Amino acid sequence: MAKPTQSSVAILMGSDSDLPTMEACIKQLKDFGIHPIVRILSAHRTPAVACEFAATAGENGVKVIIAAAGMAAHLAGAMAAHSQLPIIGVPMQAKEGPCGLDALLSTVQMPPGMPVGTMAIGKAGAKNAAVFALQILALSDETLAKTLADFRTAQTEKVLKKDAELNS
Ligand code: RP5
């Protein structure tokens with residue numbers, strides 16, 4: 001199947017080594033019926049292309065940018081610097097170093113006036129980025145609002161089922 005070149009959601013990641021973690025985000029968005037644009041672009045290794053992507057994303061129909069990076073993770077901040085779209089940052093855990101705390105702080109500690117909505121480190125954050133993107137889009141889309149409500153209901157029912165099984 002051809003990769004989407006147009007979507008309301010774009011996922012950028014700093015390296016292909018982030019992809020196994022970000023698959024959780026891609027899968028969750030697809031489960032919601034959203035087929036995201038997925039690019040490997042780096043604030044440090046491909047700065048011009050990454051910034052060009054951010055600067056033109058809005059006019060290309062993107063409404064939310066999800067940016068995942070590890071180590072000195074500047075990708076989400078660079079997206080925020082070049083776009084007025086809401087930016088969701090996902091800190092990646094690098095193979096070495098302080099277990100993703102480096103990326104968490106690099107992503108979340110934005111200067112006043114330039115926010116990045118920062119998720120948890122790793123796969124939990126990757127999944128939450130998809131849910132958060134859906135929450136943003138659902139504000140102006142009734143179909144997606146229903147998708148969000150159904151997701152929340154199913155999640156609640158799953159936990160209560162496990163509780164009932166444990167106590168039966
Ligand atoms: C970051 O550096 C990437 O987002 C990745 O998490 C980390 C390591 O990149 P690789 O050396 O695995 O390409 O820019």
# chains A, B, ... in the order shown; residues from 1 in each chain; ligands from 1
$ residues_around --residues "Leu85 (chain A)" --least-positions-apart "6" --cutoff "9 Å" --atoms "only C-alpha atoms" --output "compact mmCIF listing (two decimals) with N, CA and C atoms, in the first residue's frame"
# COMPACT_ATOMS: atom_id res chain seq x y z
N ALA A 54 8.19 21.30 8.82
CA ALA A 54 7.37 21.99 9.81
C ALA A 54 6.73 23.25 9.22
N ALA A 57 3.88 22.21 6.80
CA ALA A 57 2.93 21.16 7.22
C ALA A 57 1.49 21.67 7.23
N GLY A 58 1.28 22.84 7.81
CA GLY A 58 -0.07 23.38 7.92
C GLY A 58 -0.75 23.55 6.57
N VAL A 62 -1.73 19.14 7.41
CA VAL A 62 -1.42 18.55 8.72
C VAL A 62 -1.99 19.45 9.81
N LYS A 63 -2.59 18.81 10.83
CA LYS A 63 -3.17 19.59 11.95
C LYS A 63 -2.41 19.37 13.25
N VAL A 64 -1.75 18.24 13.35
CA VAL A 64 -0.97 17.92 14.56
C VAL A 64 0.34 17.26 14.13
N ILE A 65 1.45 17.69 14.73
CA ILE A 65 2.74 17.05 14.47
C ILE A 65 3.18 16.33 15.73
N MET A 79 10.30 21.72 15.61
CA MET A 79 8.99 21.77 14.93
C MET A 79 8.19 22.96 15.45
$ residues_near_ligand --ligand "ligand 1" --cutoff "12 Å" --atoms "only C-alpha atoms and all ligand atoms" --output "JSON, numbers by chain"
{"A": [12, 13, 14, 15, 16, 17, 18, 19, 20, 21, 22, 39, 40, 41, 42, 43, 44, 45, 46, 47, 67, 68, 69, 70, 71, 72, 73, 74, 75, 76, 89, 90, 91, 92, 93, 94, 95, 96, 97, 99, 100, 102, 103, 104, 106, 107, 121, 122]}
$ select_by_dssp --residues "chain A" --states "alpha helix (DSSP H)" --output "PyMOL selection string"
chain A and resi 19-31+47-57+75-82+101-108+123-138+142-166
$ write_last_selection --atoms "C-alpha atoms" --output "compact mmCIF listing (two decimals), in the first residue's frame"
# COMPACT_ATOMS: atom_id res chain seq x y z
CA LEU A 19 10.74 3.30 14.78
CA PRO A 20 10.25 0.15 16.92
CA THR A 21 9.02 2.40 19.75
CA MET A 22 6.96 4.67 17.51
CA GLU A 23 5.18 1.69 15.92
CA ALA A 24 2.92 1.91 19.00
CA CYS A 25 1.89 5.41 17.89
CA ILE A 26 1.43 4.46 14.24
CA LYS A 27 -0.66 1.40 15.15
CA GLN A 28 -2.87 3.33 17.56
CA LEU A 29 -3.54 6.06 14.99
CA LYS A 30 -4.38 3.46 12.34
CA ASP A 31 -6.74 1.79 14.82
CA PRO A 47 17.89 20.35 9.99
CA ALA A 48 16.92 22.08 6.74
CA VAL A 49 14.52 19.34 5.61
CA ALA A 50 13.01 18.98 9.09
CA CYS A 51 12.38 22.72 9.38
CA GLU A 52 10.97 22.90 5.84
CA PHE A 53 8.57 20.08 6.74
CA ALA A 54 7.37 21.99 9.81
CA ALA A 55 7.04 25.28 7.95
CA THR A 56 4.84 23.78 5.20
CA ALA A 57 2.93 21.16 7.22
CA LEU A 75 13.16 17.69 17.11
CA ALA A 76 9.86 18.62 18.80
CA GLY A 77 11.22 22.03 19.77
CA ALA A 78 12.46 22.65 16.24
CA MET A 79 8.99 21.77 14.93
CA ALA A 80 7.45 24.26 17.38
CA ALA A 81 9.91 26.93 16.25
CA HIS A 82 8.84 26.57 12.61
CA LEU A 101 15.56 11.42 30.98
CA ASP A 102 17.87 13.33 28.64
CA ALA A 103 15.22 13.34 25.91
CA LEU A 104 12.39 14.03 28.37
CA LEU A 105 14.06 17.18 29.67
CA SER A 106 15.15 18.30 26.20
CA THR A 107 11.58 17.92 24.94
CA VAL A 108 9.59 19.29 27.87
CA LYS A 123 6.07 3.20 24.13
CA ALA A 124 3.55 4.56 26.65
CA GLY A 125 4.27 8.04 25.38
CA ALA A 126 4.11 6.85 21.77
CA LYS A 127 0.62 5.44 22.32
CA ASN A 128 -0.48 8.50 24.29
CA ALA A 129 0.71 10.77 21.48
CA ALA A 130 -1.78 9.05 19.19
CA VAL A 131 -4.59 9.41 21.73
CA PHE A 132 -3.70 13.05 22.39
CA ALA A 133 -3.68 13.79 18.66
CA LEU A 134 -7.12 12.20 18.41
CA GLN A 135 -8.34 14.36 21.31
CA ILE A 136 -7.20 17.51 19.48
CA LEU A 137 -8.76 16.47 16.17
CA ALA A 138 -11.96 15.30 17.87
CA GLU A 142 -17.79 14.48 15.22
CA THR A 143 -16.72 11.15 13.74
CA LEU A 144 -13.40 11.29 15.57
CA ALA A 145 -15.19 12.42 18.75
CA LYS A 146 -17.21 9.19 18.55
CA THR A 147 -14.01 7.21 17.91
CA LEU A 148 -12.50 8.77 21.05
CA ALA A 149 -15.59 8.05 23.16
CA ASP A 150 -15.65 4.42 21.94
CA PHE A 151 -11.93 4.03 22.73
CA ARG A 152 -12.42 5.34 26.26
CA THR A 153 -15.44 3.08 26.84
CA ALA A 154 -13.60 -0.01 25.56
CA GLN A 155 -10.60 0.81 27.75
CA THR A 156 -12.79 1.16 30.83
CA GLU A 157 -14.64 -2.07 30.07
CA LYS A 158 -11.36 -3.95 29.63
CA VAL A 159 -10.14 -2.96 33.10
CA LEU A 160 -13.49 -3.71 34.75
CA LYS A 161 -13.58 -7.13 33.05
CA LYS A 162 -10.15 -7.96 34.50
CA ASP A 163 -11.31 -6.74 37.91
CA ALA A 164 -14.43 -8.92 37.69
CA GLU A 165 -12.37 -11.96 36.63
CA LEU A 166 -9.97 -11.44 39.52
$ closest_residue --among "A:Phe32, A:Ile37, A:Val116, A:Pro98" --to "Pro4 (chain A)" --atoms "only C-alpha atoms"
A:Ile37
$ select_by_dssp --residues "region 11-149 of chain A" --states "strand (DSSP E)" --output "PyMOL selection string"
chain A and resi 11-13+37-40+64-70+87-92+117-118
$ closest_residue --among "A:Lys3, A:Ile88, A:Ser83, A:Ala120" --to "His35 (chain A)" --atoms "only C-alpha atoms"
A:Lys3
